[in-house]
file my_file.csv (CSV, C-alpha atoms)
chain,number,residue,atom,x,y,z
C,1,MET,CA,60.1,35.0,187.9
C,2,ARG,CA,61.7,37.3,190.4
C,3,ARG,CA,65.0,37.1,188.6
C,4,MET,CA,63.3,38.0,185.3
C,5,LEU,CA,61.7,41.1,186.8
C,6,HIS,CA,65.0,42.1,188.2
C,7,ARG,CA,66.7,41.9,184.8
C,8,ARG,CA,63.8,43.7,183.2
C,9,HIS,CA,64.0,46.7,185.5
C,10,ARG,CA,67.7,46.9,186.0
C,11,ARG,CA,69.2,50.2,184.9
C,12,VAL,CA,72.1,50.1,182.5
C,13,VAL,CA,74.9,52.4,183.8
C,14,SER,CA,77.0,54.1,181.1
C,15,GLY,CA,80.8,54.6,181.4
C,16,SER,CA,80.3,58.3,181.9
C,17,ASP,CA,77.7,57.8,184.6
C,18,PHE,CA,80.1,55.5,186.5
C,19,ALA,CA,83.0,57.9,186.2
C,20,LEU,CA,80.7,60.6,187.6
C,21,PHE,CA,79.8,58.4,190.5
C,22,GLN,CA,83.4,57.6,191.2
C,23,ARG,CA,84.2,61.4,191.4
C,24,GLN,CA,81.3,62.1,193.7
C,25,PHE,CA,82.2,59.2,195.9
C,26,ALA,CA,85.8,60.2,196.2
C,27,SER,CA,84.8,63.8,197.1
C,28,ALA,CA,82.1,62.8,199.6
C,29,ARG,CA,82.7,63.4,203.2
C,30,VAL,CA,81.1,60.0,204.2
C,31,GLY,CA,81.7,56.8,202.3
C,32,HIS,CA,79.1,54.2,201.4
C,33,SER,CA,79.6,52.3,204.7
C,34,GLY,CA,79.0,55.4,206.8
C,35,HIS,CA,82.7,56.0,207.6
C,36,LEU,CA,84.7,59.1,206.9
C,37,THR,CA,86.5,59.1,203.6
C,38,ALA,CA,90.3,58.9,203.5
C,39,SER,CA,90.6,62.6,202.6
C,40,HIS,CA,88.7,63.6,205.7
C,41,LEU,CA,90.6,61.2,207.9
C,42,ARG,CA,93.8,63.2,207.3
C,43,ASN,CA,94.6,65.8,209.9
C,44,GLN,CA,93.6,69.2,208.5
C,45,HIS,CA,97.0,70.6,209.4
C,46,ASP,CA,98.9,68.0,207.4
C,47,PRO,CA,100.3,69.1,204.1
C,48,PRO,CA,98.6,67.7,201.1
C,49,ASN,CA,99.5,64.3,199.8
C,50,HIS,CA,102.5,64.5,197.5
C,51,HIS,CA,101.8,63.0,194.1
C,52,PRO,CA,104.9,61.1,192.8
C,53,SER,CA,106.8,63.1,190.2
C,54,MET,CA,109.6,60.7,189.3
C,55,SER,CA,109.3,58.7,186.2
C,56,HIS,CA,108.8,55.0,186.5
C,57,LYS,CA,112.3,54.5,185.1
C,58,ARG,CA,113.9,56.7,187.7
C,59,ARG,CA,111.9,55.1,190.5
C,60,TYR,CA,113.0,51.7,189.4
C,61,LEU,CA,116.7,52.6,189.1
C,62,PHE,CA,116.8,54.3,192.5
C,63,ASP,CA,115.0,51.5,194.2
C,64,LEU,CA,117.2,48.9,192.4
C,65,ASN,CA,120.6,50.6,192.9
C,66,GLY,CA,120.3,53.1,195.8
C,67,PHE,CA,121.6,56.0,193.7
C,68,LEU,CA,120.6,58.0,190.6
C,69,VAL,CA,122.4,60.4,188.3
C,70,LEU,CA,120.3,63.3,187.1
C,71,THR,CA,122.0,64.9,184.1
C,72,ASP,CA,122.1,68.6,183.4
C,73,VAL,CA,120.2,69.7,186.5
C,74,PHE,CA,122.4,72.9,186.8
C,75,ASP,CA,123.0,75.0,183.7
C,76,SER,CA,126.5,76.1,182.6
C,77,GLU,CA,125.9,79.6,184.0
C,78,THR,CA,125.1,78.2,187.5
C,79,VAL,CA,128.2,75.9,187.4
C,80,ALA,CA,130.4,78.8,186.4
C,81,ARG,CA,129.0,81.0,189.2
C,82,ALA,CA,129.6,78.1,191.7
C,83,ASN,CA,133.2,77.5,190.5
C,84,GLU,CA,134.0,81.3,190.7
C,85,ALA,CA,132.7,81.3,194.2
C,86,VAL,CA,134.9,78.4,195.1
C,87,ASP,CA,137.9,80.0,193.5
C,88,ALA,CA,137.3,83.1,195.7
C,89,HIS,CA,137.4,80.9,198.9
C,90,LEU,CA,140.3,78.6,198.2
C,91,ASP,CA,142.1,79.9,201.2
C,92,HIS,CA,139.4,78.3,203.4
C,93,MET,CA,140.0,74.8,201.9
C,94,HIS,CA,141.6,72.3,204.3
C,95,GLU,CA,143.5,69.1,203.4
C,96,ARG,CA,143.0,66.0,205.4
C,97,THR,CA,146.4,64.8,206.6
C,98,GLY,CA,147.8,62.5,209.3
C,99,LYS,CA,145.1,61.0,211.4
C,100,LEU,CA,142.5,62.7,209.2
C,101,ARG,CA,143.4,60.7,206.1
C,102,THR,CA,140.4,59.0,204.7
C,103,SER,CA,142.1,55.8,203.4
C,104,GLU,CA,143.2,54.8,206.9
C,105,LEU,CA,139.9,54.7,208.8
C,106,TYR,CA,138.9,52.1,211.4
C,107,GLY,CA,142.5,51.4,212.2
C,108,ARG,CA,143.2,49.9,208.8
C,109,GLU,CA,145.2,51.3,205.8
C,110,SER,CA,143.9,50.5,202.4
C,111,THR,CA,146.5,50.0,199.7
C,112,ALA,CA,143.9,50.4,197.0
C,113,LEU,CA,142.7,53.7,198.3
C,114,ARG,CA,145.9,55.4,199.5
C,115,GLY,CA,146.5,57.2,196.2
C,116,ASP,CA,150.1,58.5,196.0
C,117,GLY,CA,150.3,58.1,199.8
C,118,THR,CA,150.8,61.8,200.4
C,119,SER,CA,148.0,63.8,198.9
C,120,GLY,CA,144.8,64.0,201.0
C,121,ARG,CA,141.3,65.0,200.3
C,122,LYS,CA,140.5,68.7,200.6
C,123,ASP,CA,137.3,70.0,202.3
C,124,LEU,CA,135.6,73.3,202.0
C,125,GLY,CA,132.5,74.5,203.8
C,126,GLY,CA,130.5,77.5,204.7
C,127,MET,CA,129.2,78.3,201.3
C,128,LEU,CA,125.6,79.0,202.4
C,129,GLY,CA,127.0,81.9,204.5
C,130,TRP,CA,129.3,83.4,201.9
C,131,LYS,CA,128.5,87.0,200.8
C,132,GLU,CA,126.4,87.5,197.7
C,133,PRO,CA,126.8,86.6,195.0
C,134,HIS,CA,129.0,83.7,196.0
C,135,CYS,CA,126.3,82.0,198.2
C,136,VAL,CA,123.6,82.2,195.6
C,137,PRO,CA,124.3,79.1,193.5
C,138,PHE,CA,124.6,76.9,196.6
C,139,ARG,CA,121.5,78.2,198.2
C,140,GLU,CA,119.6,77.5,195.0
C,141,VAL,CA,120.1,73.8,195.4
C,142,LEU,CA,117.9,73.7,198.5
C,143,CYS,CA,114.7,74.2,196.6
C,144,HIS,CA,115.8,73.7,193.0
C,145,PRO,CA,112.7,73.1,190.9
C,146,LYS,CA,114.3,70.0,189.3
C,147,LEU,CA,115.2,68.6,192.6
C,148,ALA,CA,112.5,69.6,195.1
C,149,PRO,CA,109.8,67.3,193.7
C,150,ILE,CA,112.2,64.3,193.7
C,151,LEU,CA,113.5,65.0,197.2
C,152,THR,CA,109.9,65.3,198.4
C,153,GLU,CA,109.2,61.9,196.9
C,154,LEU,CA,112.2,60.3,198.4
C,155,LEU,CA,112.1,62.0,201.8
C,156,GLY,CA,108.5,63.2,202.3
C,157,VAL,CA,106.8,66.5,202.4
C,158,GLY,CA,108.8,69.1,204.5
C,159,TYR,CA,112.2,67.6,203.8
C,160,ARG,CA,115.1,69.5,205.5
C,161,LEU,CA,118.8,70.1,205.2
C,162,ASP,CA,120.5,67.9,207.8
C,163,HIS,CA,124.2,68.5,207.2
C,164,SER,CA,126.0,71.7,206.3
C,165,PRO,CA,127.0,71.5,202.6
C,166,LEU,CA,130.6,70.4,202.0
C,167,MET,CA,132.7,70.6,198.9
C,168,ILE,CA,135.1,67.7,198.4
C,169,ALA,CA,138.1,68.4,196.2
C,170,GLN,CA,140.8,66.0,195.0
C,171,GLU,CA,144.0,66.7,193.2
C,172,ALA,CA,145.8,64.1,191.0
C,173,GLY,CA,147.0,61.3,193.3
C,174,ALA,CA,144.7,62.2,196.2
C,175,GLU,CA,143.7,59.3,198.3
C,176,GLY,CA,140.2,57.8,198.3
C,177,HIS,CA,137.8,57.1,201.2
C,178,THR,CA,137.1,53.8,202.9
C,179,LEU,CA,133.7,52.6,201.9
C,180,HIS,CA,131.1,53.4,204.5
C,181,GLY,CA,127.4,53.9,205.1
C,182,GLY,CA,125.4,50.9,204.2
C,183,ALA,CA,122.2,49.3,205.6
C,184,VAL,CA,124.2,47.2,208.1
C,185,THR,CA,127.4,48.2,209.8
C,186,GLU,CA,130.6,46.2,209.9
C,187,SER,CA,129.7,45.1,213.4
C,188,GLY,CA,126.4,43.7,212.1
C,189,GLU,CA,124.1,46.3,213.6
C,190,PRO,CA,121.3,47.8,211.5
C,191,ALA,CA,122.1,51.3,210.5
C,192,TRP,CA,118.7,52.7,211.5
C,193,THR,CA,119.7,56.4,211.0
C,194,LEU,CA,120.7,55.7,207.4
C,195,ALA,CA,117.8,53.3,206.5
C,196,TYR,CA,116.1,53.0,203.2
C,197,ASP,CA,112.6,51.7,203.3
C,198,PHE,CA,109.8,50.9,200.8
C,199,ARG,CA,106.2,50.6,202.1
C,200,HIS,CA,102.8,50.9,200.5
C,201,GLY,CA,104.3,51.9,197.1
C,202,ARG,CA,106.5,54.6,198.5
C,203,MET,CA,110.3,55.0,199.0
C,204,ARG,CA,111.6,56.7,202.1
C,205,ASN,CA,115.2,57.5,203.0
C,206,GLN,CA,116.4,58.5,206.5
C,207,LEU,CA,119.4,60.3,205.0
C,208,LEU,CA,119.7,61.3,201.4
C,209,THR,CA,122.8,62.9,199.8
C,210,VAL,CA,122.6,65.2,196.8
C,211,VAL,CA,125.8,66.0,195.0
C,212,MET,CA,126.2,69.2,192.9
C,213,GLN,CA,128.9,68.2,190.4
C,214,LEU,CA,131.2,71.1,189.4
C,215,SER,CA,133.9,69.2,187.4
C,216,TYR,CA,134.2,66.2,185.1
C,217,ALA,CA,134.5,62.7,186.7
C,218,GLU,CA,134.7,60.4,183.8
C,219,GLU,CA,134.9,56.7,184.0
C,220,GLY,CA,138.3,55.7,185.5
C,221,ASP,CA,138.9,59.2,187.0
C,222,GLY,CA,138.1,58.1,190.5
C,223,GLY,CA,135.9,60.0,193.0
C,224,PHE,CA,132.5,58.8,194.2
C,225,CYS,CA,132.0,55.0,194.1
C,226,VAL,CA,129.1,52.8,195.3
C,227,VAL,CA,128.0,49.2,195.6
C,228,PRO,CA,124.7,49.2,193.8
C,229,GLY,CA,121.9,47.5,195.7
C,230,SER,CA,123.8,47.5,199.0
C,231,HIS,CA,121.0,49.7,200.6
C,232,LYS,CA,119.0,46.5,200.8
C,233,ALA,CA,121.8,44.3,202.3
C,234,ASN,CA,121.0,42.2,205.3
C,235,PHE,CA,124.5,41.2,206.3
C,236,SER,CA,127.5,43.1,207.6
C,237,VAL,CA,130.0,44.7,205.3
C,238,PRO,CA,133.1,42.6,204.8
C,239,PRO,CA,136.1,44.7,205.8
C,240,ALA,CA,137.9,43.6,202.6
C,241,LEU,CA,135.1,45.3,200.6
C,242,ALA,CA,135.3,48.5,202.6
C,243,ASP,CA,139.1,48.6,201.9
C,244,LEU,CA,138.9,47.3,198.3
C,245,ALA,CA,141.2,44.5,199.3
C,246,ASP,CA,139.3,41.6,197.6
C,247,PRO,CA,139.2,41.5,193.8
C,248,GLU,CA,136.1,39.4,193.8
C,249,LEU,CA,134.3,41.9,196.0
C,250,ASN,CA,135.8,44.9,194.2
C,251,ALA,CA,134.0,43.9,191.0
C,252,PHE,CA,130.8,45.0,192.6
C,253,VAL,CA,132.0,48.6,193.1
C,254,LYS,CA,130.9,51.1,190.5
C,255,GLN,CA,132.1,54.6,189.8
C,256,PRO,CA,129.4,56.5,187.9
C,257,ALA,CA,130.5,59.0,185.3
C,258,LEU,CA,129.5,62.6,186.1
C,259,LYS,CA,129.9,65.9,184.3
C,260,PRO,CA,129.6,69.5,185.5
C,261,GLY,CA,125.9,70.3,186.1
C,262,ASP,CA,124.9,66.8,186.9
C,263,ALA,CA,123.3,65.9,190.3
C,264,LEU,CA,124.0,62.6,191.9
C,265,LEU,CA,121.5,61.3,194.5
C,266,PHE,CA,122.1,58.4,196.8
C,267,THR,CA,120.8,57.0,200.0
C,268,GLU,CA,123.3,56.8,202.8
C,269,ALA,CA,122.1,53.2,203.3
C,270,ALA,CA,124.1,52.4,200.1
C,271,LEU,CA,127.7,51.4,200.8
C,272,HIS,CA,129.8,54.1,199.2
C,273,GLY,CA,133.2,55.8,199.3
C,274,THR,CA,135.8,57.5,197.2
C,275,LEU,CA,138.3,56.2,194.7
C,276,PRO,CA,141.8,57.8,194.4
C,277,TRP,CA,141.7,60.7,191.9
C,278,THR,CA,143.7,60.0,188.7
C,279,ALA,CA,142.6,62.9,186.4
C,280,ALA,CA,144.9,65.9,185.9
C,281,HIS,CA,142.2,68.4,186.8
C,282,GLN,CA,140.8,69.0,190.3
C,283,ARG,CA,137.7,67.1,191.4
C,284,ARG,CA,134.9,69.4,192.8
C,285,SER,CA,131.8,67.8,194.3
C,286,VAL,CA,129.5,69.7,196.6
C,287,ILE,CA,127.5,67.4,198.9
C,288,TYR,CA,124.2,68.1,200.7
C,289,ARG,CA,122.6,65.7,203.0
C,290,PHE,CA,118.8,65.9,203.5
C,291,ALA,CA,116.5,64.2,205.9
C,292,PRO,CA,112.7,63.8,206.4
C,293,ALA,CA,110.9,66.6,208.2
C,294,GLY,CA,110.9,64.9,211.6
C,295,SER,CA,114.4,63.2,211.5
C,296,ALA,CA,117.9,64.3,212.2
C,297,TYR,CA,121.4,62.9,212.0
C,298,GLY,CA,123.5,66.0,212.2
C,299,ARG,CA,123.2,68.8,214.8
C,300,GLY,CA,124.4,71.9,212.9
C,301,TYR,CA,121.0,73.5,213.4
C,302,LEU,CA,121.5,73.6,217.2
C,303,PRO,CA,121.0,76.1,218.7
C,304,GLN,CA,120.5,77.4,215.2
C,305,TRP,CA,122.2,77.5,211.8
C,306,PRO,CA,124.9,80.2,211.6
C,307,ALA,CA,123.2,83.6,211.2
C,308,GLU,CA,125.1,84.3,208.0
C,309,ALA,CA,123.8,81.1,206.4
C,310,LEU,CA,120.2,82.2,206.9
C,311,LEU,CA,120.6,85.9,206.2
C,312,GLY,CA,118.8,86.9,203.0
C,313,MET,CA,117.4,83.5,202.2
C,314,SER,CA,114.1,83.1,200.5
C,315,ASP,CA,111.0,81.7,202.2
C,316,ALA,CA,111.5,78.5,200.3
C,317,GLN,CA,115.1,78.1,201.3
C,318,LEU,CA,114.3,78.9,204.9
C,319,ALA,CA,111.6,76.2,204.9
C,320,VAL,CA,114.4,73.6,204.1
C,321,MET,CA,116.5,75.0,206.9
C,322,GLN,CA,113.9,74.3,209.6
C,323,ALA,CA,114.8,72.1,212.6
C,324,PRO,CA,113.3,68.6,212.7
C,325,TYR,CA,109.6,68.5,213.6
C,326,HIS,CA,106.5,67.0,212.1
C,327,PRO,CA,104.7,68.9,209.2
C,328,ARG,CA,101.6,68.9,211.4
C,329,MET,CA,103.2,71.4,213.7
C,330,ASN,CA,102.7,74.3,211.2
C,331,ARG,CA,105.8,73.4,209.3
C,332,PRO,CA,106.4,75.4,206.1
C,333,TYR,CA,107.2,73.1,203.1
C,334,LEU,CA,107.9,73.2,199.4
C,335,GLY,CA,105.4,72.8,196.6
C,336,PRO,CA,105.9,70.8,193.4
C,337,ASP,CA,108.0,73.6,191.8
C,338,GLY,CA,110.1,74.3,194.9
C,339,GLU,CA,108.0,77.2,196.0
C,340,ALA,CA,107.3,77.9,199.6
C,341,LYS,CA,104.0,76.7,201.1
C,342,GLN,CA,102.6,77.5,204.5
C,343,ALA,CA,100.8,74.9,206.6
C,344,LYS,CA,97.3,75.7,207.9
C,345,PRO,CA,97.6,77.3,211.4
C,346,ARG,CA,96.5,75.3,214.4
C,347,GLU,CA,93.2,76.6,215.9
C,348,ASP,CA,93.5,79.1,218.7
C,349,PHE,CA,91.8,76.9,221.2
C,350,LYS,CA,94.4,74.2,220.7
C,351,VAL,CA,97.3,76.6,221.0
C,352,GLU,CA,95.8,78.2,224.2
C,353,PHE,CA,95.3,74.8,225.8
C,354,ASP,CA,98.9,73.7,225.0
C,355,GLU,CA,100.2,77.0,226.6
C,356,LYS,CA,98.2,76.1,229.7
C,357,VAL,CA,99.6,72.6,229.9
C,358,PHE,CA,103.1,73.0,228.7
C,359,GLY,CA,103.8,76.7,229.0
C,360,ALA,CA,104.5,76.9,225.3
C,361,ARG,CA,102.7,77.0,222.0
C,362,TYR,CA,103.9,73.6,221.1
C,363,PHE,CA,104.5,70.4,223.0
call {"tool": "encode", "arguments": {"input": "my_file.csv", "output": "structure tokens"}}
result
Amino acid sequence: MRRMLHRRHRRVVSGSDFALFQRQFASARVGHSGHLTASHLRNQHDPPNHHPSMSHKRRYLFDLNGFLVLTDVFDSETVARANEAVDAHLDHMHERTGKLRTSELYGRESTALRGDGTSGRKDLGGMLGWKEPHCVPFREVLCHPKLAPILTELLGVGYRLDHSPLMIAQEAGAEGHTLHGGAVTESGEPAWTLAYDFRHGRMRNQLLTVVMQLSYAEEGDGGFCVVPGSHKANFSVPPALADLADPELNAFVKQPALKPGDALLFTEAALHGTLPWTAAHQRRSVIYRFAPAGSAYGRGYLPQWPAEALLGMSDAQLAVMQAPYHPRMNRPYLGPDGEAKQAKPREDFKVEFDEKVFGARYF
């Protein structure tokens, strides 16, 4: 009888009513069990949760391979401006010769990577500090609207530039670079500072490289190469693979085709290197390395980035140039379109107390 009465008086909840209840519950300060909801457990000074912006396909490919090619990120006008800027600074380009050759690292010489045996890789830096307009296309990479949401997803809110940008150039016959990076070093030690991780449905990279491609690198031309999936490896890198000295292992090395305007993203936890350049034209790849807000590998920001690199930067660009510290410490960060966002200031009473304890506004 009791069961029958219960059925008779039970209210039928419509789909719209239930959806309304869900919205009210999600926005409530206190959950049904009397505990604070997740949104109110977050520190009020933390930046908002980042909603994933990468497509399922891109997420799958990056997690699977450890790298991703984004086509046509930079338009032809941007590529032309960048190449013109490089042409104006060719006298600052330096070739790696002698002990600096990149195919003879770790006390070994790689026959497969030596190229013509004479021509070395050429390096060019300092582009963030070049005078306008030459610095502009390279600064735009820092908070590019097509890159910023992806970098935030792969590195977290408040991502930062960790290394000074570097352009790698190769002429025909130029040597390659011993494969390096990887989740585990040749000595068998975990490469914690390069680590790739996946937890609670999110990818995180300790060091992520973004390549601004300024020239064609078609299949077989040489240049960047990678061992797909090696960012999840659990065993040390065989030296024969690092030197491309074993045909069976060499079959797992891939050279992705790139064209001017493409952006190549890869985790430094993936084993990667450079193949000798075989094309008649010069290879031009500008590499940026980014890290999570509170992490660092390089130290170019100490005691601060070169003054000329920061002069005239936008607020969004300056946010990416911040030293490593947690977003909770009033760290500026980028919004979904690469625009500058300012964290909510800490309360005066907290700042005043820290000044009493530490003699500074932050511990």
call {"tool": "atom_distance", "arguments": {"input": "my_file.csv", "atom1": "CA of Gly98 (chain C)", "atom2": "CA of Ser119 (chain C)"}}
result
10.5 Å
call {"tool": "atom_distance", "arguments": {"input": "my_file.csv", "atom1": "CA of Gln255 (chain C)", "atom2": "CA of Gly181 (chain C)"}}
result
16.0 Å
call {"tool": "closest_residue", "arguments": {"input": "my_file.csv", "among": "C:Leu61, C:Leu179, C:Ile150, C:Leu68", "to": "Asp243 (chain C)", "atoms": "all atoms listed in the file"}}
result
C:Leu179
call {"tool": "residues_around", "arguments": {"input": "my_file.csv", "residues": "Val73 (chain C)", "least_positions_apart": "4", "cutoff": "7 Å", "atoms": "only C-alpha atoms", "output": "compact mmCIF listing (two decimals) with C-alpha atoms, in the frame of the given file"}}
result
# COMPACT_ATOMS: atom_id res chain seq x y z
CA LYS C 146 114.30 70.00 189.30
CA GLY C 261 125.90 70.30 186.10
CA ASP C 262 124.90 66.80 186.90
CA ALA C 263 123.30 65.90 190.30
call {"tool": "atom_distance", "arguments": {"input": "my_file.csv", "atom1": "CA of Ala245 (chain C)", "atom2": "CA of Arg108 (chain C)"}}
result
11.1 Å
call {"tool": "axis_aligned_box", "arguments": {"input": "my_file.csv", "around": "region 328-346 of chain C", "padding_each_side": "6 Å", "output": "JSON"}}
result
{"center_x": 103.3, "center_y": 73.4, "center_z": 203.1, "size_x": 25.6, "size_y": 21.0, "size_z": 34.6}
call {"tool": "build_atoms", "arguments": {"input": "my_file.csv", "residues": "region 281-301 of chain C", "atoms": "N, CA, C and O atoms", "output": "mmCIF file, in the coordinates of the input"}}
result
data_model
loop_
_atom_site.group_PDB
_atom_site.id
_atom_site.type_symbol
_atom_site.label_atom_id
_atom_site.label_comp_id
_atom_site.auth_asym_id
_atom_site.auth_seq_id
_atom_site.Cartn_x
_atom_site.Cartn_y
_atom_site.Cartn_z
ATOM 1 N N HIS C 281 142.898 67.287 186.300
ATOM 2 C CA HIS C 281 142.200 68.400 186.800
ATOM 3 C C HIS C 281 141.650 68.136 188.242
ATOM 4 O O HIS C 281 141.600 66.973 188.668
ATOM 5 N N GLN C 282 141.256 69.176 188.941
ATOM 6 C CA GLN C 282 140.800 69.000 190.300
ATOM 7 C C GLN C 282 139.311 68.530 190.305
ATOM 8 O O GLN C 282 138.478 69.012 189.549
ATOM 9 N N ARG C 283 139.058 67.579 191.162
ATOM 10 C CA ARG C 283 137.700 67.100 191.400
ATOM 11 C C ARG C 283 136.967 68.120 192.285
ATOM 12 O O ARG C 283 137.510 68.544 193.305
ATOM 13 N N ARG C 284 135.726 68.477 191.920
ATOM 14 C CA ARG C 284 134.900 69.400 192.800
ATOM 15 C C ARG C 284 133.491 68.792 192.827
ATOM 16 O O ARG C 284 132.772 68.776 191.820
ATOM 17 N N SER C 285 133.104 68.346 194.012
ATOM 18 C CA SER C 285 131.800 67.800 194.300
ATOM 19 C C SER C 285 131.234 68.432 195.530
ATOM 20 O O SER C 285 131.861 68.315 196.582
ATOM 21 N N VAL C 286 130.078 69.094 195.443
ATOM 22 C CA VAL C 286 129.500 69.700 196.600
ATOM 23 C C VAL C 286 128.357 68.807 197.104
ATOM 24 O O VAL C 286 127.413 68.519 196.362
ATOM 25 N N ILE C 287 128.459 68.350 198.355
ATOM 26 C CA ILE C 287 127.500 67.400 198.900
ATOM 27 C C ILE C 287 126.552 68.031 199.885
ATOM 28 O O ILE C 287 126.968 68.804 200.744
ATOM 29 N N TYR C 288 125.281 67.695 199.739
ATOM 30 C CA TYR C 288 124.200 68.100 200.700
ATOM 31 C C TYR C 288 123.574 66.843 201.202
ATOM 32 O O TYR C 288 123.316 65.908 200.440
ATOM 33 N N ARG C 289 123.278 66.834 202.473
ATOM 34 C CA ARG C 289 122.600 65.700 203.000
ATOM 35 C C ARG C 289 121.218 66.176 203.581
ATOM 36 O O ARG C 289 121.166 67.083 204.405
ATOM 37 N N PHE C 290 120.148 65.533 203.111
ATOM 38 C CA PHE C 290 118.800 65.900 203.500
ATOM 39 C C PHE C 290 118.139 64.778 204.274
ATOM 40 O O PHE C 290 118.490 63.602 204.114
ATOM 41 N N ALA C 291 117.164 65.145 205.114
ATOM 42 C CA ALA C 291 116.500 64.200 205.900
ATOM 43 C C ALA C 291 114.955 64.479 205.910
ATOM 44 O O ALA C 291 114.533 65.582 205.546
ATOM 45 N N PRO C 292 114.124 63.516 206.303
ATOM 46 C CA PRO C 292 112.700 63.800 206.400
ATOM 47 C C PRO C 292 112.411 64.867 207.445
ATOM 48 O O PRO C 292 113.252 65.161 208.307
ATOM 49 N N ALA C 293 111.225 65.430 207.393
ATOM 50 C CA ALA C 293 110.900 66.600 208.200
ATOM 51 C C ALA C 293 111.131 66.337 209.714
ATOM 52 O O ALA C 293 111.624 67.222 210.423
ATOM 53 N N GLY C 294 110.822 65.145 210.206
ATOM 54 C CA GLY C 294 110.900 64.900 211.600
ATOM 55 C C GLY C 294 112.177 64.134 212.050
ATOM 56 O O GLY C 294 112.261 63.664 213.189
ATOM 57 N N SER C 295 113.155 64.008 211.156
ATOM 58 C CA SER C 295 114.400 63.200 211.500
ATOM 59 C C SER C 295 115.608 64.078 211.443
ATOM 60 O O SER C 295 115.654 65.125 210.792
ATOM 61 N N ALA C 296 116.618 63.611 212.155
ATOM 62 C CA ALA C 296 117.900 64.300 212.200
ATOM 63 C C ALA C 296 119.028 63.348 212.435
ATOM 64 O O ALA C 296 118.890 62.373 213.173
ATOM 65 N N TYR C 297 120.142 63.607 211.799
ATOM 66 C CA TYR C 297 121.400 62.900 212.000
ATOM 67 C C TYR C 297 122.431 63.900 212.557
ATOM 68 O O TYR C 297 123.050 63.715 213.583
ATOM 69 N N GLY C 298 122.597 64.987 211.807
ATOM 70 C CA GLY C 298 123.500 66.000 212.200
ATOM 71 C C GLY C 298 122.895 66.946 213.272
ATOM 72 O O GLY C 298 121.724 66.818 213.629
ATOM 73 N N ARG C 299 123.695 67.891 213.763
ATOM 74 C CA ARG C 299 123.200 68.800 214.800
ATOM 75 C C ARG C 299 123.655 70.255 214.499
ATOM 76 O O ARG C 299 123.702 71.088 215.397
ATOM 77 N N GLY C 300 123.994 70.532 213.244
ATOM 78 C CA GLY C 300 124.400 71.900 212.900
ATOM 79 C C GLY C 300 123.385 72.929 213.068
ATOM 80 O O GLY C 300 123.694 74.122 213.107
ATOM 81 N N TYR C 301 122.123 72.519 213.187
ATOM 82 C CA TYR C 301 121.000 73.500 213.400
ATOM 83 C C TYR C 301 120.839 73.883 214.808
ATOM 84 O O TYR C 301 119.969 74.711 215.114
#
